[in-house]
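**Student:** This structure is in structure tokens; I'll ask about it shortly.
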There are 2 protein chains.
Amino acid sequence: MIKPSQGRSRVVIEEITPQIDAGRHPVCRILGDTVNVTAAIFGDGHDHVAARLLYRPDRETAWRFTPMIATVNDLWSAAFTVDQMGPWHYAILGWVDHFDTWVSDLRKRLLAQPIPVESQSLASRVRGSSFALADPPPGSPKNTDGLHSGAQPASHDIPLALRTGVILLDQASARAKGADAKSLSETSRFLTALADRDLSFYDFPLDSEIIELVAKYPDLSFATQSEPQLSVWVDRERAQFSAWYEMFPRSASTVPGQHGTFADVEAQLPEIAAMGFDILYLPPIHPIGRAFRKGKNNSVTPEPGEVGSPWAIGDRSAISAKAAAHKDDNGGHKSILPALGTFADFERLGAACKTQNMELALDIAFQCSPDHPWVTEHPSWFVIRPDGSIQYAENPPKKYQDIYPLNFESPDWQGLWDELYSVFEFWIEHGVKVFRVDNPHTKAFSFWEWCLGTLRSKYPDTIFLAEAFTRPHVMQWLAKTGYTQSYTYFTWRTSKWELTTYMEQLTTPPVSEFFRPNFWPNTPDILHKSLQDGGRPAFMLRLILAATLTSNYGIYGPAYELCENAPAKPAPGKTESEEYLDSEKYEIRQRSRNAAGSLVPLITQLNAIRRANPALHSNNSLRFHPTDNPQLICYSKTTEDKSNAILVVVNLDPAYGQTGWVDIDLVSLGLVPGESFVVDDLLNGAQYAWSDHRNYVALRPGTLPAHIFKIVRQA
Amino acid sequence: MIKPSQGRSRVVIEEITPQIDAGRHPVCRILGDTVNVTAAIFGDGHDHVAARLLYRPDRETAWRFTPMIATVNDLWSAAFTVDQMGPWHYAILGWVDHFDTWVSDLRKRLLAQPIPVESQSLASRVRGSSFALADPPPGSPKNTDGLHSGAQPASHDIPLALRTGVILLDQASARAKGADAKSLSETSRFLTALADRDLSFYDFPLDSEIIELVAKYPDLSFATQSEPQLSVWVDRERAQFSAWYEMFPRSASTVPGQHGTFADVEAQLPEIAAMGFDILYLPPIHPIGRAFRKGKNNSVTPEPGEVGSPWAIGDRSAISAKAAAHKDDNGGHKSILPALGTFADFERLGAACKTQNMELALDIAFQCSPDHPWVTEHPSWFVIRPDGSIQYAENPPKKYQDIYPLNFESPDWQGLWDELYSVFEFWIEHGVKVFRVDNPHTKAFSFWEWCLGTLRSKYPDTIFLAEAFTRPHVMQWLAKTGYTQSYTYFTWRTSKWELTTYMEQLTTPPVSEFFRPNFWPNTPDILHKSLQDGGRPAFMLRLILAATLTSNYGIYGPAYELCENAPAKPAPGKTESEEYLDSEKYEIRQRSRNAAGSLVPLITQLNAIRRANPALHSNNSLRFHPTDNPQLICYSKTTEDKSNAILVVVNLDPAYGQTGWVDIDLVSLGLVPGESFVVDDLLNGAQYAWSDHRNYVALRPGTLPAHIFKIVRQA
């Protein structure tokens, strides 16, 4: 019910946007973004209402504020700019504005007076009368507001209204300080004098500066503050605009058959940086379990010496007490597989990335091989079966005996949470700011909300990519719990209809307010049928889609550059597989990304186009344009001011050339219908003069799979 | 962040429907309604989830509950029936269901075994073995679930899984009592014996009764309960289905020129009841102020003896101390205008209404004439102007000196609230359950939320109709604060497009969840242009629309029956007026509702159709059907089971006959496309055999302005 303190609060504030789940979760923004806030704000009766948008970074206690502006139908809006990273809060304060009501009513009273035969400005009347002020106060009348003035018998109403104004000005003066207080009380005295004289006048007696001055000191005694407080989470730009490159460091050696090292990766950095990637992401770098180790092609009967899967984390025997780099270096999530190098090597790699304007991203997979130190040190973190053994991962009848999942219902759940949290913090202390988290949807959501909330508050420049390929509610909830970016269904969305509907969902509220998609045309786990069947032309078109549909994208290389498309043998009972043949997950695979037919040049070109065109740095301007061919998809992105506008047309058919007409919404691109314009094809350097919304395109798989046009306005 | 107690809660509950403003306001239902609740419910990983819908009337402390059923895509649903009036609450409880996960995994394990050459049911194997139970426990195997059975070497996995089942059954048994506990522990012993025997089998070893029995005793230790608790407000049926008749009692006398009385109204009751109305609504019945009393046609210079406006409430001089019926009978809101009768007369009228199956509704207008006792007793409840006078109602330059508005920013706001509340309670104690509240949007919303919340909790059978004709947010907020019904924009929605879009807004969520429209084709304040110009045919069609578009409607009579359509002289500067000429608001107007051309027969017919057809008792089934003529509007309403289906076609043109084709969505009416059906015209008794979705109609203003078809299915 009503709190007694709210008894005299007459303003209602509702329908605030943006908000996610009634404020349960923050909306996401990037440093420097503007947050546009709207709400319905109204009071009872005819009194005028005023409102402020209140906002502050979490670390500040006092609200900053800006006035809200009424638009239509009781809706109001205002905006603020987020100038630091981390959590921010916002709310709305609304109140009945008696002074503004008084101003409006007085204007109407003055206007309603009979029109005088001979007009005369009040200023001259006042100055010519016995009422004189040496220096007219700021509130002295000006004949500028379109109200007629003149000399007629005074109505009793107007002096009375002036005296009400005197009370309101005196109250405002009492709330103000210094020169403002003085101006307000002088104006009050001026109105008193005006009322005393009982003069007839038609001009509104106060100028706009005084009205604005009163508005600076509103009476907030009965103001309503919206509840609950809403939040924005502010990340750095890379959270929204990033190009990821995934590679297995153990494949990085140039010596045939030799296990790659961090130093080998370091040697490749200039090449990777030259392609234009921002983030170099490595699968888990920890010791790999020996028990039930997987062999090549996921074999359960490996040959001796096989390297196993990096996701089977933990080997107590890998690190001897003598070799341990630090107290937690016991073969688990805070250890490095010795074959990859030392902590010093790792930190050198991180530093080398920075010199190439890249960042190193680690894969955090919270699961344990049977040899992980937690298994012996914290058996209560696992499910123990009735025979005393630890429950391995299972999806009956499938068994993953090399992996023990963690038990988030453990009686020692707090110990488990603390340890998992400390893994992130450990690597942050070793210079890592970007994490790709493996299968987060198989760990408790409440853990993520606490863990990511705590980490991101303490280290607001961290980025967490959720590797969840699961149902929509689950993926979205992970974003709500604090994941900065998420993998998506892009891999499986190949038709125009699928891409269009999916993108529309991702780029409009509510999803766009909290979920940042990251598009991967391939991963070590997923070689989609369209790539298997479509070969190099399919790799080209899927790359172009990923790099231009969303501002975050990534590839797993050099499998992608080399258009590797041989699938693994289907599992028993299945007709096809999305796994790679000779998957790098289970073996070392050395190859040069610059082999004949490599996509390195296209990738380099795409990343350069992305960097040069701010329209491609975010997603919310995405707009689809109709085409008359279901194999041709056309879309655009623009900056908010439309100074940069990119129009993309992609042929979705990897086998055949396609032609058709695109029907462009010119206004959305900042163009004026009827005027001609030029489109520069950033992929092939061609330039076309277009003059209307309908234009013809012809695209050929493999050679000209797409246009990426930059719109050039005519001078 | 996360409450420590929630550390092991792994289930998320979100997107609960219905809910209004994240639970800030209740949704509305009628006694006996079903509340369908849906939500997204999911956990991490692959474990199965289970959920209950919790619900209870406010006066009960323990939750009732019913299981929720998974539909698609992590959405779940369940329903409950509201079997008492007043506030109810609901929430959702979700948890990881380890037993259900175990059942599902064990089924998969059994299915994944190699198929035996020779099948044999486990039951016979068990009975033929040394393991024998005199009476097989409820969990003994049955060969009914389609799983194959046989004799093959046992895998270690299955006995181990059985032992996990034993633990889960023992835990369930410990949570159960009596016979249930015994059954569960017997089943546990059966599974132990089965595991001990290490038999090979293929049937699922428990039958569905045992699985359901375990589900009765879930482990809720780590369950998640949705927050905040949501609410439903349950009213009696009249809140949703009512026909109102407004009349001025002072015009009710049959003696020419004589002030009407409650007794005169009583004499008219049989006639009004015969028309089929449920609610007889009287404008304010209190003493009328003398200061600034309005004369005929809103004159500010009345003749002596004029009766004034009933909304200028309060006259201290009207009730002498000797004549006062009770301590508060001092000429204000708890007094009756002596010319209308006594409290005894009033109560007799209320009782007479009941015998006619009608209810008496009062008009509560919280405003005071200068003669109201509150003006002298509680000057702080009003705004005092700088000259010491009380601020009268104003909308500059208009002045309403006969009315003082109340000041909800009064320092004595609590005293004011208590007194206003007590006015309602006073009349409730005098038998009134239905109130029409005048201009509620000019009183503080927080007052209404408190006042209506308190009143409706104490008197759940009260009904409050908000007379607010203002902006959409304000009208909707009044409904959220507790108004049972609301006036609408119907009066000003005359075209097909206007009616369609407005009705679609009113009959779909969120608005339909909390806002109950009441359609009035006229009121004493509003004689719409379409009635002024269209005359009797317009009165007919607007009546038909009001009575069939919404389940609550009303008319102001006998002005409506008599098609009174002469407007008042326009105000200065205006070209037209929506006021009545010789408005009954300012004078006594005696006339017979049965004059020639009266709409009494049509009204009687419409109310009878409404009562006989449950499809017309609510709004949410409303559906529009296309027509090829913009003057023909076609819509239908059905009961939930479609056993009653009404199809209405109205000619919106009061001047000309209109013909056209209507294109009916047959399925929405419960009809099978292709089959023929009969439509009974309830207005003119005609019957038509229709056989397809497209049908021809011809309607003539004044004689056949509409069809109201009842759909008759063919045997």
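Note on naming: chains are A, B, ... as they come in the structure tokens, residues start from 1 per chain, ligands start from 1 in the order shown.
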Name all residues at most 12 Å from Pro673 of chain B (count only C-alpha atoms; drop same-chain ones fewer than 6 positions away) and give them as a list in words.

**Tutor:**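 Once the adjacent positions are removed, what remains is Ile664, Asp665, Leu666, Val667, Trp690, Ser691, Asp692, His693 and Arg694 of chain B.
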
**Student:** Would you put the residues from that selection into a file with N, CA, C and O atoms, as a compact mmCIF listing (two decimals), in the first residue's frame?

**Tutor:**
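File written: out.txt
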# COMPACT_ATOMS: atom_id res chain seq x y z
N ILE B 664 -16.37 -14.03 -42.60
CA ILE B 664 -16.36 -14.49 -41.21
C ILE B 664 -15.27 -15.53 -40.98
O ILE B 664 -15.11 -16.46 -41.76
N ASP B 665 -14.53 -15.34 -39.90
CA ASP B 665 -13.58 -16.37 -39.46
C ASP B 665 -14.40 -17.46 -38.76
O ASP B 665 -14.73 -17.36 -37.58
N LEU B 666 -14.74 -18.47 -39.52
CA LEU B 666 -15.67 -19.49 -39.01
C LEU B 666 -15.10 -20.22 -37.80
O LEU B 666 -15.82 -20.51 -36.84
N VAL B 667 -13.81 -20.51 -37.81
CA VAL B 667 -13.21 -21.29 -36.73
C VAL B 667 -13.35 -20.56 -35.40
O VAL B 667 -13.63 -21.16 -34.36
N TRP B 690 -26.54 -20.19 -43.75
CA TRP B 690 -25.28 -19.75 -44.34
C TRP B 690 -24.40 -20.98 -44.52
O TRP B 690 -24.42 -21.91 -43.72
N SER B 691 -23.60 -20.95 -45.57
CA SER B 691 -22.81 -22.15 -45.80
C SER B 691 -21.34 -21.84 -46.01
O SER B 691 -20.54 -22.71 -46.23
N ASP B 692 -21.00 -20.58 -45.95
CA ASP B 692 -19.59 -20.29 -46.19
C ASP B 692 -19.19 -19.06 -45.39
O ASP B 692 -20.01 -18.45 -44.71
N HIS B 693 -17.91 -18.69 -45.50
CA HIS B 693 -17.42 -17.57 -44.69
C HIS B 693 -17.83 -16.22 -45.26
O HIS B 693 -17.84 -15.23 -44.53
N ARG B 694 -18.20 -16.16 -46.54
CA ARG B 694 -18.59 -14.87 -47.12
C ARG B 694 -20.11 -14.80 -47.23
O ARG B 694 -20.74 -15.67 -47.84

**Student:** Do you know which residues are at most 10 Å from Ser618 of chain B counting only C-alpha atoms, after dropping those on the same chain fewer than 5 positions away, and could you put them as a list in words?

**Tutor:** Ile30, Glu237, Gln240, Phe241, Thr507, Arg516, Thr548, Leu549, Thr550, Ser551, Asn552, Lys637, Thr638 and Thr639 of chain B

**Student:** Excluding same-chain residues fewer than 6 positions from Trp95 of chain A, what lies within 6 Å of it counting only C-alpha atoms, as a compact mmCIF listing (two decimals) with N, CA and C atoms, in the first residue's frame?

**Tutor:**
# COMPACT_ATOMS: atom_id res chain seq x y z
N VAL A 11 2.53 12.51 -8.12
CA VAL A 11 3.00 12.18 -9.46
C VAL A 11 3.25 10.68 -9.60
N VAL A 49 3.42 19.12 -14.32
CA VAL A 49 4.35 18.17 -13.72
C VAL A 49 5.73 18.48 -14.27
N ALA A 50 6.76 18.23 -13.47
CA ALA A 50 8.14 18.34 -13.95
C ALA A 50 8.88 17.10 -13.50
N ALA A 223 7.97 15.08 -4.00
CA ALA A 223 8.36 14.43 -5.26
C ALA A 223 8.28 12.91 -5.14

**Student:** Please list as a list in words every residue within 6 Å of Arg250 of chain B, counting only C-alpha atoms and excluding residues in the same chain fewer than 6 positions away.

**Tutor:**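 The residues that qualify are His259, Gly260 and Thr261 of chain B.
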
**Student:** Figure out the distance between atom CA of Lys642 of chain A and atom CA of Pro509 of chain A, please, to one decimal in Å.

**Tutor:**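 Separating atom CA of Pro509 of chain A from atom CA of Lys642 of chain A is a distance of 20.9 Å.
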
**Student:** Could you work out which residues of chain A fall inside 6 Å of chain B? Count only C-alpha atoms, and format the result as number ranges by chain.

**Tutor:** A: 8, 10, 44-45, 105, 108-109, 396-397, 409, 441-444

**Student:** Let's see if you can do this: from backbone DSSP, list all strand (DSSP E or B) residues in segment 178-258 of chain B, as a list of chain:residue names.

**Tutor:**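 Here is the list: B:Thr224, B:Gln225, B:Leu230, B:Ser231, B:Val232, B:Trp233, B:Val234, B:Asp235, B:Ser242, B:Ala243, B:Trp244, B:Tyr245, B:Glu246.
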
**Student:** What are the DSSP helix (DSSP H, G or I) residues of segment 138-309 of chain A, as a PyMOL selection string?

**Tutor:** chain A and resi 157-175+178-197+208-216+237-239+249-251+262-275+296-298

**Student:** Write the residues of the selection above to a file with C-alpha atoms, as a short mmCIF file (atom, residue, chain, number, x, y, z; two decimals), in the first residue's frame.

**Tutor:**
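Output file part_38.cif is given in full below:
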data_model
loop_
_atom_site.label_atom_id
_atom_site.label_comp_id
_atom_site.auth_asym_id
_atom_site.auth_seq_id
_atom_site.Cartn_x
_atom_site.Cartn_y
_atom_site.Cartn_z
CA ASP A 157 -7.83 38.18 -10.35
CA ILE A 158 -4.52 39.30 -11.70
CA PRO A 159 -3.16 41.09 -8.63
CA LEU A 160 -4.26 38.08 -6.60
CA ALA A 161 -2.44 35.77 -8.98
CA LEU A 162 0.64 37.97 -8.69
CA ARG A 163 0.55 37.59 -4.92
CA THR A 164 0.44 33.81 -5.35
CA GLY A 165 3.52 34.23 -7.55
CA VAL A 166 5.17 36.22 -4.78
CA ILE A 167 4.72 33.31 -2.37
CA LEU A 168 6.14 30.83 -4.90
CA LEU A 169 9.12 33.10 -5.64
CA ASP A 170 9.85 33.64 -1.95
CA GLN A 171 9.82 29.86 -1.44
CA ALA A 172 12.15 29.36 -4.39
CA SER A 173 14.41 32.08 -3.03
CA ALA A 174 14.56 30.29 0.32
CA ARG A 175 15.71 27.10 -1.46
CA GLY A 178 23.69 33.59 -3.20
CA ALA A 179 22.94 35.62 -6.28
CA ASP A 180 20.12 33.31 -7.35
CA ALA A 181 18.35 33.77 -4.03
CA LYS A 182 18.76 37.51 -4.37
CA SER A 183 17.38 37.58 -7.93
CA LEU A 184 14.40 35.55 -6.88
CA SER A 185 13.57 37.72 -3.91
CA GLU A 186 14.00 40.87 -6.00
CA THR A 187 11.57 39.46 -8.52
CA SER A 188 9.18 38.65 -5.70
CA ARG A 189 9.36 42.28 -4.56
CA PHE A 190 8.76 43.40 -8.11
CA LEU A 191 5.61 41.28 -8.34
CA THR A 192 4.43 42.59 -4.98
CA ALA A 193 4.87 46.13 -6.18
CA LEU A 194 3.05 45.27 -9.39
CA ALA A 195 0.16 43.76 -7.45
CA ASP A 196 0.08 46.75 -5.08
CA ARG A 197 -0.15 49.21 -7.95
CA SER A 208 12.32 33.37 -19.44
CA GLU A 209 15.56 33.64 -17.44
CA ILE A 210 13.62 34.07 -14.22
CA ILE A 211 11.36 31.17 -15.09
CA GLU A 212 14.43 29.04 -15.70
CA LEU A 213 15.98 30.26 -12.48
CA VAL A 214 12.94 29.16 -10.48
CA ALA A 215 13.08 25.79 -12.26
CA LYS A 216 16.59 25.35 -10.82
CA GLU A 237 34.16 -0.78 -26.81
CA ARG A 238 35.68 -4.20 -27.41
CA ALA A 239 32.72 -5.79 -25.63
CA PRO A 249 48.75 -23.29 -29.53
CA ARG A 250 49.92 -26.88 -29.58
CA SER A 251 49.56 -26.87 -33.38
CA PHE A 262 53.43 -20.07 -26.48
CA ALA A 263 56.62 -18.97 -28.20
CA ASP A 264 55.41 -20.56 -31.44
CA VAL A 265 52.16 -18.65 -31.14
CA GLU A 266 54.10 -15.47 -30.51
CA ALA A 267 55.91 -16.03 -33.77
CA GLN A 268 52.59 -16.11 -35.62
CA LEU A 269 51.24 -12.94 -34.03
CA PRO A 270 52.28 -10.50 -36.76
CA GLU A 271 50.45 -12.63 -39.32
CA ILE A 272 47.29 -12.84 -37.20
CA ALA A 273 47.40 -9.14 -36.38
CA ALA A 274 47.85 -8.34 -40.05
CA MET A 275 44.56 -10.12 -40.76
CA LYS A 296 42.54 -39.05 -32.35
CA ASN A 297 39.02 -38.65 -33.73
CA ASN A 298 37.59 -38.95 -30.21
#

**Student:** From the options B:His333, B:Arg536, B:Arg589, B:Lys433, which residue's atoms come nearest to Phe366 of chain B, counting only C-alpha atoms?

**Tutor:**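 Looking at the shortest contact to Phe366 of chain B, the residue is B:His333.
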
**Student:** How many Å separate atom CA of Phe248 of chain B from atom CA of Leu416 of chain B?

**Tutor:**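 Atom-to-atom, atom CA of Phe248 of chain B to atom CA of Leu416 of chain B, that is 28.7 Å.
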
**Student:** Would you pick out the contacts of Asp328 of chain B at 12 Å or less, using only C-alpha atoms, so that residues sharing its chain but fewer than 6 positions from it are not included, and give the list as a list in words?

**Tutor:** Arg316, Ile319, Ser320, Ala321, Lys334, Ser335, Ile336, Pro373, Trp374, Glu419, Ser422, Val423 and Phe426 of chain B

**Student:** For the residues in that selection, give me N, CA, C and O atoms as a PDB file, in the first residue's frame.

**Tutor:**
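So part.pdb came out as:
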ATOM      1  N   ARG B 316     -24.742  23.695   4.461  1.00  0.00           N
ATOM      2  CA  ARG B 316     -24.883  23.598   5.915  1.00  0.00           C
ATOM      3  C   ARG B 316     -26.290  23.953   6.372  1.00  0.00           C
ATOM      4  O   ARG B 316     -26.795  23.415   7.335  1.00  0.00           O
ATOM      5  N   ILE B 319     -29.798  21.313   6.512  1.00  0.00           N
ATOM      6  CA  ILE B 319     -30.201  20.373   7.558  1.00  0.00           C
ATOM      7  C   ILE B 319     -30.143  21.099   8.896  1.00  0.00           C
ATOM      8  O   ILE B 319     -29.071  21.559   9.312  1.00  0.00           O
ATOM      9  N   SER B 320     -31.246  21.209   9.544  1.00  0.00           N
ATOM     10  CA  SER B 320     -31.225  21.818  10.867  1.00  0.00           C
ATOM     11  C   SER B 320     -30.799  20.770  11.877  1.00  0.00           C
ATOM     12  O   SER B 320     -30.937  19.572  11.634  1.00  0.00           O
ATOM     13  N   ALA B 321     -30.235  21.258  12.981  1.00  0.00           N
ATOM     14  CA  ALA B 321     -29.775  20.327  14.017  1.00  0.00           C
ATOM     15  C   ALA B 321     -30.914  19.412  14.429  1.00  0.00           C
ATOM     16  O   ALA B 321     -30.717  18.233  14.711  1.00  0.00           O
ATOM     17  N   LYS B 334     -22.582  13.292   3.706  1.00  0.00           N
ATOM     18  CA  LYS B 334     -23.325  12.245   4.409  1.00  0.00           C
ATOM     19  C   LYS B 334     -24.762  12.696   4.692  1.00  0.00           C
ATOM     20  O   LYS B 334     -25.419  12.169   5.581  1.00  0.00           O
ATOM     21  N   SER B 335     -25.206  13.690   3.923  1.00  0.00           N
ATOM     22  CA  SER B 335     -26.581  14.167   4.066  1.00  0.00           C
ATOM     23  C   SER B 335     -27.351  13.938   2.772  1.00  0.00           C
ATOM     24  O   SER B 335     -26.754  13.748   1.710  1.00  0.00           O
ATOM     25  N   ILE B 336     -28.670  13.964   2.909  1.00  0.00           N
ATOM     26  CA  ILE B 336     -29.546  13.830   1.743  1.00  0.00           C
ATOM     27  C   ILE B 336     -30.287  15.157   1.553  1.00  0.00           C
ATOM     28  O   ILE B 336     -30.755  15.764   2.524  1.00  0.00           O
ATOM     29  N   PRO B 373     -20.120  21.982   4.816  1.00  0.00           N
ATOM     30  CA  PRO B 373     -19.613  22.098   6.191  1.00  0.00           C
ATOM     31  C   PRO B 373     -18.086  21.961   6.298  1.00  0.00           C
ATOM     32  O   PRO B 373     -17.487  22.544   7.194  1.00  0.00           O
ATOM     33  N   TRP B 374     -17.451  21.178   5.383  1.00  0.00           N
ATOM     34  CA  TRP B 374     -15.984  21.048   5.473  1.00  0.00           C
ATOM     35  C   TRP B 374     -15.273  22.397   5.309  1.00  0.00           C
ATOM     36  O   TRP B 374     -14.179  22.591   5.832  1.00  0.00           O
ATOM     37  N   GLU B 419     -11.650  11.145   6.136  1.00  0.00           N
ATOM     38  CA  GLU B 419     -13.021  11.625   5.978  1.00  0.00           C
ATOM     39  C   GLU B 419     -13.603  11.160   4.635  1.00  0.00           C
ATOM     40  O   GLU B 419     -14.754  10.723   4.566  1.00  0.00           O
ATOM     41  N   SER B 422     -14.478   7.668   4.794  1.00  0.00           N
ATOM     42  CA  SER B 422     -15.664   7.430   5.623  1.00  0.00           C
ATOM     43  C   SER B 422     -16.957   7.737   4.873  1.00  0.00           C
ATOM     44  O   SER B 422     -18.010   7.214   5.217  1.00  0.00           O
ATOM     45  N   VAL B 423     -16.873   8.597   3.844  1.00  0.00           N
ATOM     46  CA  VAL B 423     -18.074   8.867   3.041  1.00  0.00           C
ATOM     47  C   VAL B 423     -18.526   7.581   2.345  1.00  0.00           C
ATOM     48  O   VAL B 423     -19.698   7.207   2.368  1.00  0.00           O
ATOM     49  N   PHE B 426     -19.854   5.191   4.879  1.00  0.00           N
ATOM     50  CA  PHE B 426     -21.166   5.626   5.350  1.00  0.00           C
ATOM     51  C   PHE B 426     -22.270   5.095   4.431  1.00  0.00           C
ATOM     52  O   PHE B 426     -23.262   4.519   4.880  1.00  0.00           O
TER      53      PHE B 426
END

**Student:** Between B:His372, B:Arg59, B:Lys710, B:Arg293, single out the one closest to Asp315 of chain B, counting only C-alpha atoms.

**Tutor:**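 Of B:His372, B:Arg59, B:Lys710, B:Arg293, the one nearest Asp315 of chain B is B:His372, counting only C-alpha atoms.
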
**Student:** For Pro87 of chain B, find every residue with an atom within 10 Å (counting only C-alpha atoms), except residues of its own chain fewer than 5 positions away, and show them as a PyMOL selection string.

**Tutor:** chain B and resi 26-29+56-59+82+231-235+453+456-457+460

**Student:** Kindly give the distance, in Å, that separates atom CA of Trp427 of chain B and atom CA of Lys327 of chain B, rounded to a single decimal.

**Tutor:**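 Interatomic distance, atom CA of Trp427 of chain B to atom CA of Lys327 of chain B: 14.3 Å.
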